[in-house]
Each structure stands twice: as structure tokens, then as C-alpha cells.
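Written below as C-alpha cells is the structure these notes are about.
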Amino acid sequence: MDFFPSRTLALYMAKMFLIRIFSVAALLVLVLMSLDLLGESGKILAYEGNGEAELWTYISLRLPQIVAFALPFSVLLGTLITLATLNQNSEVVSMKAGGLSAHQILAPLVVASMMVAIGSFIFNETVVAPATARLSAWEKVEFGPVPKAANVRTDVWVKDGDNLVNAKTVTGRGANVVLSDITIYARTENGLKSLLQGEEGRFTGEGWIITGVTEFNVATGNEETRESIVLGDSLQPDQFTLSSVNADGLNFLQLRAAIAELKQAGRPTMSLEGALWHKLAKPLSAILMPLLGAVAAFGLARSGQLFLRAVIGMALGFAYFVAENFALAMGNIGAYPPLLAAWAPFVLFFLIGETVLVRTEE
């Protein structure tokens with residue numbers, strides 16, 4: 001039951017493990033960020049007035065997402081490199097000869113991966129979520145100016161009977177919602193009836209006051225300008241504020257509050273609940289990587305099977321990522337309950353890793 005019989009050995013292995021994780025992460029992030037910037041720079045510079053400053057802004061917003069994406073893979077590859085190196089240098093044999101079990105050998109790596117998981121969760125909540133929200137809003141306006149007001153949503157579409165309503169920006173919450181740059185497509189069974197454009201819309205409790213209105217009648221071809229009109233008595237503010245909740249752009253508490261609002265409004269929330277639990281399960285995947293990659297640590301390096309063992313460990317790790325994404329997709333379409341979609345892959349591969357370790361080494 002003593003998982004750390006040697007403090008010096010535990011620190012040595014944990015330090016080696018963390019150095020390799022962050023070295024691999026730095027390499028992956030550098031390559032992925034470069035490729036992503038090459039693909040998006042044309043879109044950014046296509047907007048008139050954008051230049052080098054906007055490219056650096058994009059990097060600052062996109063980089064946290066890439067770090068969050070690459071970290072679990074870095075933990076897996078860091079595990080394989082660390083354990084394969086220890087095996088190649090016969091250090092694992094020395095540790096087993098000293099009386100350490102397989103679980104005791106892996107214990108420092110598991111503790112280090114717990115630290116990585118905690119750091120990853122904090123990083124996702126405080127850096128990745130706000131950056132994702134800002135980048136999403138920027139992309140929706142095609143990398144043009146984004147309003148600086150709080151609670152901004154961009155390019156929101158809402159259906160009102162047969163009509164379609166588009167607001168380029170939506171600010172505020174509840175009855176204080178303000179719509180800007182509004183386009184209303186009035187439709188009938190035979191097609192488009194009229195096109196109405198307005199500068200600003202505010203909710204009055206019984207409808208919406210739209211100011212700066214220009215209406216084009218499709219049948220007559222006439223265009224009419226009015227200072228303001230009142231319409232949309234069936235439209236509610238929450239249809240604009242809750243029409244598209246970006247789970248990746250909200251932290252855990254914000255997403256939980258959004259789910260509560262959606263439930264109160266009678267909207268489906270199953271996919272968002274799965275994303276909520278996934279915010280906890282995803283960072284914890286780092287804890288699984290030493291267990292799944294443990295097969296690379298054992299077996300004699302001289303037997304020529306070290307490479308094969310490393311490939312098996314890598315296959316187990318990538319199989320987990322595939323199962324995780326599959327379960328999340330099934331949760332999004334309602335095939336899996338939210339808890340099952342978020343936690344089933346973690347529990348399944350924990351049991352697989354423990355079974356392989358116990359049957360082969362313990």
C-alpha cells in the first residue's frame with residue numbers, strides 16, 4: 001500500500017515525465033498553430049483594414065484552444081517516451097528488482113498527471129472559454145469589429161412563424177435585450193413577401209420597437225422608409241439570448257446557469273448537459289494516460305518488443321480519444337444520457353488499463 005517507498009525516485013520520475021509532457025506539448029502547439037494560421041490568415045486579411053495586429057490577435061485567441069486540444073495527446077506521448085526510456089535503460093528492471101510493483105512504478109506519473117489535470121481544468125475555465133467566446137464572435141462578423149458590450153451574441157437567427165429574423169448583434173439579457181442591424185424576411189407559402197431592415201430593436205414587453213426601418217416589398221418593388229415600427233409580439237427576448245449557446249465559450253458555472261435558463265424556458269438541454277460534464281471529464285483524461293501507456297514500461301528491452309509495446313500503448317491512448325469523441329457525439333444527438341456520454345469512456349478505459357496492468361505485471 002506504500003506507493004512512494006522512495007521520495008528521491010518519485011521526484012526523479014515525476015520531473016522526467018513533466019519535462020517530456022511540456023516539451024511534446026510545445027512542439028505540437030507550434031506545428032498546429034502554424035498550420036492553423038496559414039489556413040486562416042487569408043480570411044483575416046480579407047477584411048479591409050486588418051493587418052499584422054489582427055493576426056497576432058487571432059493567435060492570442062486561437063492558441064489557448066490549441067493548447068487545450070494538444071495537452072491530452074502530449075500526456076500520452078510523454079508517458080510513452082518516459083516509460084520507454086526507463087525500460088530501454090533497464091531502470092524499470094532495477095526498480096522491480098528493488099521490490100517495486102508495477103503500480104508503485106507508475107504512482108509518481110499518476111500524481112504528476114493529476115497536477116496536469118487540475119492545471120488543465122483551471123486553464124480551460126479561465127483562459128480557453130473566454131478566448132473561444134471572443135474568437136467565435138469575431139469569426140461571425142468575418143473578422144471585423146466586434147461590439148465591446150457585455151453579453152454580446154453575433155449573427156443570431158430566430159424563426160417567428162413563417163418569418164426569419166436575423167440580428168447581427170444581440171446585447172443584454174432578459175427584457176433589456178437590444179438587437180442591432182436587424183433583417184426580417186417576411187415569408188408566405190408562395191415565397192418571400194418583403195424584406196425589412198432596421199438599425200435597432202428594443203423589447204417593450206408586448207412587442208419590439210424597430211428604429212431606422214427600410215422595407216422592400218417584393219411584389220411591387222417599392223421601398224419605404226419609416227422612423228420606427230412595432231412588431232413581433234410573439235417573439236420573446238430569450239429566443240435571441242438562448243437561441244445558440246456555445247458550450248465551449250462558457251466556463252462550467254456559466255454553462256450550468258445557461259442550462260438552467262434553457263430548462264426554465266422549456267428548451268432541450270441534453271447535449272449541453274453532456275458538454276457540461278465533459279468539462280470535468282476531459283482534463284481528467286490525463287490521469288488515464290500513464291495507465292494506458294504503462295505497457296511500454298515493462299518487458300525486457302532486449303527482447304525486441306519495446307517498439308511493439310509502445311505502439312500498443314499509443315493505440316490504447318488513441319482508442320480512448322476516439323471513444324470519448326464518439327460518446328460525446330452520441331450524447332449530442334440524445335442517444336446517450338449526458339452522464340454516460342461524459343464518463344463512460346473514462347471508466348471503461350480505466351478498467352481496461354487496470355486489467356492489462358494486473359494481468360501482465362502484477
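Just so we're on the same page: first chain in the C-alpha cells is A, next is B, and so on; residues restart at 1 for each chain, and ligands are numbered from 1 in the order they show up.
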
Could the residues of region 103-148 of chain A that have an atom at most 12 Å from region 59-63 of chain A be listed as a tab-separated table, each with its closest atom pair and the distance in Å to one decimal, counting only C-alpha atoms and ordered by chain and ascending residue number?
residue	atom	partner	partner_atom	distance
A:Asn124	CA	A:Leu63	CA	11.9
A:Val127	CA	A:Leu61	CA	9.2
A:Val128	CA	A:Leu61	CA	8.2
A:Ala129	CA	A:Leu61	CA	10.0
A:Pro130	CA	A:Leu61	CA	8.8
A:Ala131	CA	A:Leu61	CA	5.0
A:Thr132	CA	A:Leu61	CA	6.8
A:Ala133	CA	A:Leu61	CA	9.2
A:Arg134	CA	A:Leu61	CA	7.4
A:Leu135	CA	A:Leu61	CA	6.0
A:Ser136	CA	A:Leu61	CA	9.6
A:Ala137	CA	A:Leu61	CA	11.3
A:Trp138	CA	A:Leu61	CA	10.0
A:Glu139	CA	A:Leu61	CA	11.2

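Excluding Phe240 (chain A) and any residue on its chain fewer than 4 positions from it, the residues at most 9 Å away by only C-alpha atoms are Arg153, Val156, Trp157, Val158, Ala167, Val170, Val177, Leu179, Leu235, Gln236 and Ser244 of chain A.
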
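Interatomic distance, CA of Leu55 (chain A) to CA of Ser41 (chain A): 6.9 Å.
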
Can you list, as a PyMOL selection string, every protein, DNA or RNA residue that comes within 7 Å of region 312-326 of chain A when you count only C-alpha atoms, leaving out same-chain residues fewer than 6 positions away? chain A and resi 76+289+292-296+345+349

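Distances from A:Lys159, A:Arg173, A:Lys168, A:Arg20 to Gly78 (chain A) were compared using only C-alpha atoms, and the smallest one belongs to A:Arg20.
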
Give me the residues within 10 Å of Ala342 (chain A) as a ChimeraX atom specification, counting only C-alpha atoms and dropping any in the same chain fewer than 3 places off. /A:273-282,324-325,327-328,331,336-339,345-347

How would the residues just chosen look if you wrote them out with C-alpha atoms as a tab-separated table (two decimals), in the first residue's frame?
chain	number	residue	atom	x	y	z
A	273	GLU	CA	-25.50	18.78	-20.12
A	274	GLY	CA	-23.15	16.30	-21.80
A	275	ALA	CA	-20.78	19.17	-22.63
A	276	LEU	CA	-21.03	20.38	-19.01
A	277	TRP	CA	-19.87	17.03	-17.59
A	278	HIS	CA	-17.26	16.77	-20.34
A	279	LYS	CA	-15.63	19.92	-18.96
A	280	LEU	CA	-14.72	17.81	-15.92
A	281	ALA	CA	-14.04	14.51	-17.70
A	282	LYS	CA	-11.74	15.91	-20.40
A	324	GLU	CA	-14.53	9.87	-25.96
A	325	ASN	CA	-15.46	11.78	-29.12
A	327	ALA	CA	-19.67	9.11	-26.80
A	328	LEU	CA	-19.86	12.91	-26.85
A	331	GLY	CA	-24.76	12.47	-26.28
A	336	TYR	CA	-26.66	8.58	-24.66
A	337	PRO	CA	-27.62	10.21	-21.34
A	338	PRO	CA	-25.31	13.16	-20.51
A	339	LEU	CA	-23.53	11.42	-17.62
A	345	PRO	CA	-15.15	6.22	-21.85
A	346	PHE	CA	-13.15	7.27	-18.78
A	347	VAL	CA	-14.46	4.41	-16.62

Run DSSP on the backbone of this structure and report the residues of region 77-201 of chain A it assigns to strand (DSSP E or B), as a compact mmCIF listing (two decimals) with all heavy atoms, in the first residue's frame.
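Written output follows (selection.txt):
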# COMPACT_ATOMS: atom_id res chain seq x y z
N ARG A 153 -23.90 38.64 -28.45
CA ARG A 153 -24.04 37.50 -29.34
C ARG A 153 -24.12 38.05 -30.75
O ARG A 153 -24.76 39.08 -30.99
CB ARG A 153 -25.29 36.68 -28.99
CG ARG A 153 -25.19 36.00 -27.65
CD ARG A 153 -26.54 35.50 -27.18
NE ARG A 153 -26.44 34.83 -25.89
CZ ARG A 153 -26.40 35.43 -24.72
NH1 ARG A 153 -26.45 36.75 -24.67
NH2 ARG A 153 -26.30 34.75 -23.60
N THR A 154 -23.49 37.37 -31.68
CA THR A 154 -23.42 37.89 -33.04
C THR A 154 -24.11 36.94 -34.02
O THR A 154 -24.10 35.72 -33.84
CB THR A 154 -21.96 38.08 -33.47
OG1 THR A 154 -21.24 36.85 -33.30
CG2 THR A 154 -21.28 39.15 -32.65
N ASP A 155 -24.69 37.53 -35.07
CA ASP A 155 -25.32 36.79 -36.17
C ASP A 155 -26.32 35.75 -35.64
O ASP A 155 -26.19 34.55 -35.89
CB ASP A 155 -24.24 36.12 -37.02
CG ASP A 155 -24.79 35.70 -38.39
OD1 ASP A 155 -25.77 36.32 -38.84
OD2 ASP A 155 -24.25 34.74 -38.97
N VAL A 156 -27.34 36.23 -34.93
CA VAL A 156 -28.35 35.36 -34.33
C VAL A 156 -29.56 35.27 -35.26
O VAL A 156 -30.09 36.29 -35.71
CB VAL A 156 -28.78 35.89 -32.94
CG1 VAL A 156 -29.89 35.02 -32.36
CG2 VAL A 156 -27.59 35.93 -32.01
N TRP A 157 -30.01 34.05 -35.52
CA TRP A 157 -31.19 33.80 -36.35
C TRP A 157 -32.31 33.23 -35.48
O TRP A 157 -32.07 32.33 -34.68
CB TRP A 157 -30.86 32.81 -37.46
CG TRP A 157 -29.98 33.38 -38.55
CD1 TRP A 157 -28.62 33.45 -38.54
CD2 TRP A 157 -30.41 33.94 -39.79
NE1 TRP A 157 -28.16 34.02 -39.69
CE2 TRP A 157 -29.24 34.33 -40.48
CE3 TRP A 157 -31.65 34.15 -40.37
CZ2 TRP A 157 -29.29 34.92 -41.74
CZ3 TRP A 157 -31.70 34.74 -41.63
CH2 TRP A 157 -30.53 35.12 -42.30
N VAL A 158 -33.54 33.76 -35.68
CA VAL A 158 -34.71 33.28 -34.95
C VAL A 158 -35.87 33.15 -35.92
O VAL A 158 -36.05 34.02 -36.80
CB VAL A 158 -35.08 34.25 -33.80
CG1 VAL A 158 -36.40 33.86 -33.16
CG2 VAL A 158 -33.98 34.28 -32.75
N LYS A 159 -36.66 32.09 -35.77
CA LYS A 159 -37.84 31.89 -36.61
C LYS A 159 -39.08 32.36 -35.87
O LYS A 159 -39.31 31.99 -34.72
CB LYS A 159 -37.97 30.42 -36.99
CG LYS A 159 -39.07 30.15 -38.01
CD LYS A 159 -39.09 28.69 -38.44
CE LYS A 159 -40.18 28.46 -39.48
NZ LYS A 159 -40.26 27.04 -39.91
N ASP A 160 -39.88 33.20 -36.53
CA ASP A 160 -41.14 33.71 -35.97
C ASP A 160 -42.27 33.33 -36.92
O ASP A 160 -42.59 34.08 -37.85
CB ASP A 160 -41.04 35.23 -35.80
CG ASP A 160 -42.33 35.82 -35.22
OD1 ASP A 160 -43.04 35.09 -34.50
OD2 ASP A 160 -42.61 37.00 -35.50
N ASN A 163 -41.75 33.69 -40.73
CA ASN A 163 -40.74 34.74 -40.93
C ASN A 163 -39.41 34.34 -40.29
O ASN A 163 -39.37 33.60 -39.31
CB ASN A 163 -41.22 36.06 -40.33
CG ASN A 163 -42.55 36.50 -40.93
OD1 ASN A 163 -42.86 36.17 -42.07
ND2 ASN A 163 -43.32 37.24 -40.15
N LEU A 164 -38.34 34.89 -40.85
CA LEU A 164 -37.00 34.70 -40.29
C LEU A 164 -36.46 36.05 -39.86
O LEU A 164 -36.58 37.05 -40.59
CB LEU A 164 -36.06 34.09 -41.33
CG LEU A 164 -36.32 32.64 -41.73
CD1 LEU A 164 -35.35 32.22 -42.83
CD2 LEU A 164 -36.16 31.72 -40.52
N VAL A 165 -35.88 36.09 -38.66
CA VAL A 165 -35.34 37.32 -38.11
C VAL A 165 -33.85 37.11 -37.85
O VAL A 165 -33.44 36.14 -37.21
CB VAL A 165 -36.04 37.71 -36.79
CG1 VAL A 165 -35.47 39.02 -36.25
CG2 VAL A 165 -37.54 37.83 -37.00
N ASN A 166 -33.05 38.03 -38.38
CA ASN A 166 -31.59 37.97 -38.17
C ASN A 166 -31.13 39.25 -37.51
O ASN A 166 -31.47 40.35 -37.96
CB ASN A 166 -30.87 37.76 -39.51
CG ASN A 166 -29.35 37.87 -39.37
OD1 ASN A 166 -28.74 38.76 -39.93
ND2 ASN A 166 -28.77 36.98 -38.61
N ALA A 167 -30.37 39.12 -36.43
CA ALA A 167 -29.76 40.27 -35.76
C ALA A 167 -28.25 40.08 -35.78
O ALA A 167 -27.74 39.06 -35.31
CB ALA A 167 -30.26 40.40 -34.33
N LYS A 168 -27.54 41.05 -36.35
CA LYS A 168 -26.08 40.92 -36.42
C LYS A 168 -25.44 40.92 -35.05
O LYS A 168 -24.47 40.22 -34.80
CB LYS A 168 -25.50 42.06 -37.27
CG LYS A 168 -25.83 41.97 -38.74
CD LYS A 168 -25.28 40.68 -39.35
CE LYS A 168 -25.59 40.59 -40.84
NZ LYS A 168 -25.15 39.30 -41.41
N THR A 169 -26.01 41.71 -34.11
CA THR A 169 -25.53 41.68 -32.73
C THR A 169 -26.71 41.72 -31.78
O THR A 169 -27.69 42.41 -32.03
CB THR A 169 -24.59 42.87 -32.42
OG1 THR A 169 -25.26 44.09 -32.66
CG2 THR A 169 -23.33 42.81 -33.27
N VAL A 170 -26.59 40.99 -30.68
CA VAL A 170 -27.59 40.97 -29.61
C VAL A 170 -26.85 41.23 -28.31
O VAL A 170 -25.92 40.49 -27.95
CB VAL A 170 -28.32 39.61 -29.54
CG1 VAL A 170 -29.33 39.61 -28.40
CG2 VAL A 170 -29.01 39.30 -30.87
N THR A 171 -27.26 42.28 -27.60
CA THR A 171 -26.61 42.62 -26.33
C THR A 171 -27.63 42.63 -25.21
O THR A 171 -28.82 42.87 -25.43
CB THR A 171 -25.92 44.00 -26.41
OG1 THR A 171 -26.89 44.98 -26.75
CG2 THR A 171 -24.82 43.98 -27.45
N VAL A 178 -31.09 44.19 -26.56
CA VAL A 178 -31.07 45.17 -27.65
C VAL A 178 -30.56 44.47 -28.91
O VAL A 178 -29.50 43.85 -28.89
CB VAL A 178 -30.17 46.37 -27.32
CG1 VAL A 178 -30.12 47.34 -28.50
CG2 VAL A 178 -30.66 47.09 -26.07
N LEU A 179 -31.34 44.57 -30.00
CA LEU A 179 -30.95 44.00 -31.28
C LEU A 179 -30.39 45.10 -32.16
O LEU A 179 -30.92 46.21 -32.20
CB LEU A 179 -32.16 43.36 -31.98
CG LEU A 179 -33.04 42.42 -31.16
CD1 LEU A 179 -34.18 41.89 -32.02
CD2 LEU A 179 -32.22 41.27 -30.57
N SER A 180 -29.32 44.80 -32.89
CA SER A 180 -28.71 45.79 -33.79
C SER A 180 -28.55 45.19 -35.17
O SER A 180 -28.29 43.99 -35.31
CB SER A 180 -27.34 46.23 -33.25
OG SER A 180 -27.46 46.78 -31.96
N ASP A 181 -28.71 46.05 -36.18
CA ASP A 181 -28.57 45.63 -37.59
C ASP A 181 -29.49 44.45 -37.88
O ASP A 181 -29.04 43.33 -38.13
CB ASP A 181 -27.11 45.29 -37.90
CG ASP A 181 -26.84 45.24 -39.39
OD1 ASP A 181 -27.79 45.45 -40.18
OD2 ASP A 181 -25.70 44.95 -39.78
N ILE A 182 -30.79 44.72 -37.86
CA ILE A 182 -31.82 43.68 -37.94
C ILE A 182 -32.29 43.51 -39.38
O ILE A 182 -32.47 44.49 -40.12
CB ILE A 182 -33.03 44.05 -37.05
CG1 ILE A 182 -32.56 44.40 -35.64
CG2 ILE A 182 -34.06 42.94 -37.03
CD1 ILE A 182 -33.53 45.25 -34.88
N THR A 183 -32.51 42.27 -39.77
CA THR A 183 -33.11 41.95 -41.06
C THR A 183 -34.25 40.96 -40.82
O THR A 183 -34.04 39.92 -40.19
CB THR A 183 -32.09 41.34 -42.04
OG1 THR A 183 -30.99 42.23 -42.19
CG2 THR A 183 -32.74 41.09 -43.40
N ILE A 184 -35.46 41.30 -41.32
CA ILE A 184 -36.63 40.43 -41.15
C ILE A 184 -37.11 39.99 -42.54
O ILE A 184 -37.44 40.83 -43.39
CB ILE A 184 -37.77 41.14 -40.40
CG1 ILE A 184 -37.29 41.59 -39.01
CG2 ILE A 184 -38.98 40.22 -40.26
CD1 ILE A 184 -38.31 42.39 -38.23
N TYR A 185 -37.11 38.69 -42.75
CA TYR A 185 -37.58 38.13 -44.01
C TYR A 185 -39.03 37.68 -43.81
O TYR A 185 -39.30 36.63 -43.21
CB TYR A 185 -36.72 36.94 -44.43
CG TYR A 185 -35.26 37.28 -44.61
CD1 TYR A 185 -34.38 37.29 -43.52
CD2 TYR A 185 -34.75 37.61 -45.87
CE1 TYR A 185 -33.04 37.61 -43.68
CE2 TYR A 185 -33.41 37.93 -46.03
CZ TYR A 185 -32.56 37.92 -44.93
OH TYR A 185 -31.23 38.24 -45.09
N ALA A 186 -39.99 38.48 -44.30
CA ALA A 186 -41.41 38.16 -44.17
C ALA A 186 -41.78 37.20 -45.31
O ALA A 186 -41.69 37.56 -46.49
CB ALA A 186 -42.25 39.42 -44.23
N ARG A 187 -42.19 35.99 -44.93
CA ARG A 187 -42.45 34.96 -45.95
C ARG A 187 -43.91 34.49 -45.89
O ARG A 187 -44.56 34.55 -44.84
CB ARG A 187 -41.52 33.76 -45.73
CG ARG A 187 -40.05 34.13 -45.72
CD ARG A 187 -39.18 32.91 -45.63
NE ARG A 187 -39.47 32.12 -44.45
CZ ARG A 187 -38.94 30.92 -44.18
NH1 ARG A 187 -38.09 30.38 -45.04
NH2 ARG A 187 -39.25 30.27 -43.07
N THR A 188 -44.37 34.01 -47.03
CA THR A 188 -45.67 33.36 -47.13
C THR A 188 -45.45 31.97 -47.72
O THR A 188 -44.31 31.58 -48.00
CB THR A 188 -46.63 34.16 -48.02
OG1 THR A 188 -46.12 34.18 -49.36
CG2 THR A 188 -46.78 35.59 -47.52
N GLY A 191 -43.58 32.20 -51.00
CA GLY A 191 -42.22 32.71 -51.06
C GLY A 191 -42.04 33.97 -50.25
O GLY A 191 -42.82 34.29 -49.35
N LEU A 192 -40.99 34.73 -50.60
CA LEU A 192 -40.65 35.95 -49.85
C LEU A 192 -41.63 37.06 -50.17
O LEU A 192 -41.88 37.39 -51.34
CB LEU A 192 -39.22 36.38 -50.21
CG LEU A 192 -38.64 37.56 -49.42
CD1 LEU A 192 -38.49 37.19 -47.95
CD2 LEU A 192 -37.29 37.97 -50.01
N LYS A 193 -42.19 37.67 -49.11
CA LYS A 193 -43.16 38.75 -49.27
C LYS A 193 -42.49 40.11 -49.21
O LYS A 193 -42.73 40.98 -50.05
CB LYS A 193 -44.23 38.64 -48.18
CG LYS A 193 -45.25 39.76 -48.18
CD LYS A 193 -46.22 39.60 -47.01
CE LYS A 193 -47.19 40.77 -46.95
NZ LYS A 193 -48.08 40.65 -45.77
N SER A 194 -41.67 40.31 -48.18
CA SER A 194 -40.99 41.60 -48.04
C SER A 194 -39.71 41.41 -47.24
O SER A 194 -39.53 40.41 -46.54
CB SER A 194 -41.90 42.63 -47.35
OG SER A 194 -42.19 42.22 -46.01
N LEU A 195 -38.84 42.39 -47.38
CA LEU A 195 -37.56 42.40 -46.67
C LEU A 195 -37.48 43.68 -45.87
O LEU A 195 -37.52 44.78 -46.42
CB LEU A 195 -36.41 42.32 -47.67
CG LEU A 195 -35.00 42.25 -47.09
CD1 LEU A 195 -34.80 40.94 -46.34
CD2 LEU A 195 -33.96 42.38 -48.19
N LEU A 196 -37.40 43.54 -44.55
CA LEU A 196 -37.39 44.70 -43.66
C LEU A 196 -36.04 44.78 -42.95
O LEU A 196 -35.57 43.78 -42.39
CB LEU A 196 -38.52 44.60 -42.64
CG LEU A 196 -38.74 45.79 -41.70
CD1 LEU A 196 -40.22 45.93 -41.37
CD2 LEU A 196 -37.95 45.61 -40.40
N GLN A 197 -35.43 45.95 -43.00
CA GLN A 197 -34.14 46.16 -42.32
C GLN A 197 -34.27 47.30 -41.33
O GLN A 197 -34.90 48.33 -41.63
CB GLN A 197 -33.04 46.47 -43.33
CG GLN A 197 -32.71 45.28 -44.24
CD GLN A 197 -31.60 45.59 -45.22
OE1 GLN A 197 -31.69 46.58 -45.95
NE2 GLN A 197 -30.58 44.76 -45.26
N GLY A 198 -33.71 47.09 -40.13
CA GLY A 198 -33.78 48.10 -39.10
C GLY A 198 -32.44 48.27 -38.40
O GLY A 198 -31.62 47.35 -38.37
N GLU A 199 -32.23 49.47 -37.85
CA GLU A 199 -30.96 49.75 -37.17
C GLU A 199 -30.91 49.15 -35.76
O GLU A 199 -29.90 48.59 -35.37
CB GLU A 199 -30.74 51.26 -37.10
CG GLU A 199 -30.59 51.91 -38.46
CD GLU A 199 -30.45 53.42 -38.36
OE1 GLU A 199 -30.50 53.94 -37.21
OE2 GLU A 199 -30.30 54.07 -39.40
N GLU A 200 -32.03 49.27 -35.02
CA GLU A 200 -32.02 48.83 -33.62
C GLU A 200 -33.41 48.37 -33.21
O GLU A 200 -34.42 48.91 -33.68
CB GLU A 200 -31.54 49.96 -32.71
CG GLU A 200 -31.37 49.56 -31.26
CD GLU A 200 -30.85 50.70 -30.40
OE1 GLU A 200 -29.62 50.85 -30.31
OE2 GLU A 200 -31.69 51.44 -29.83
N GLY A 201 -33.47 47.36 -32.34
CA GLY A 201 -34.74 46.86 -31.83
C GLY A 201 -34.70 46.69 -30.33
O GLY A 201 -33.72 46.17 -29.79

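The space separating CA of Glu125 (chain A) from CA of Phe252 (chain A) comes to 6.9 Å.
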
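From CA of Val24 (chain A) back to CA of Gln305 (chain A), the distance works out to 23.7 Å.
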
Excluding Phe123 (chain A) and its own-chain neighbours fewer than 5 positions away, which residues fall within 10 Å of it when counting only C-alpha atoms? Please give them as an NGL selection string. :A and (64 or 67-68 or 117-118 or 128-129 or 283)

Write the selection just made, keeping C-alpha atoms, as a tab-separated table (two decimals), in the first residue's frame?
chain	number	residue	atom	x	y	z
A	64	PRO	CA	-5.44	28.55	-25.86
A	67	VAL	CA	-3.06	24.10	-26.13
A	68	ALA	CA	-6.20	22.54	-24.63
A	117	ALA	CA	-5.34	17.64	-14.99
A	118	ILE	CA	-6.00	20.28	-12.31
A	128	VAL	CA	-9.82	28.87	-23.05
A	129	ALA	CA	-13.54	29.57	-22.55
A	283	PRO	CA	-8.98	17.24	-18.07
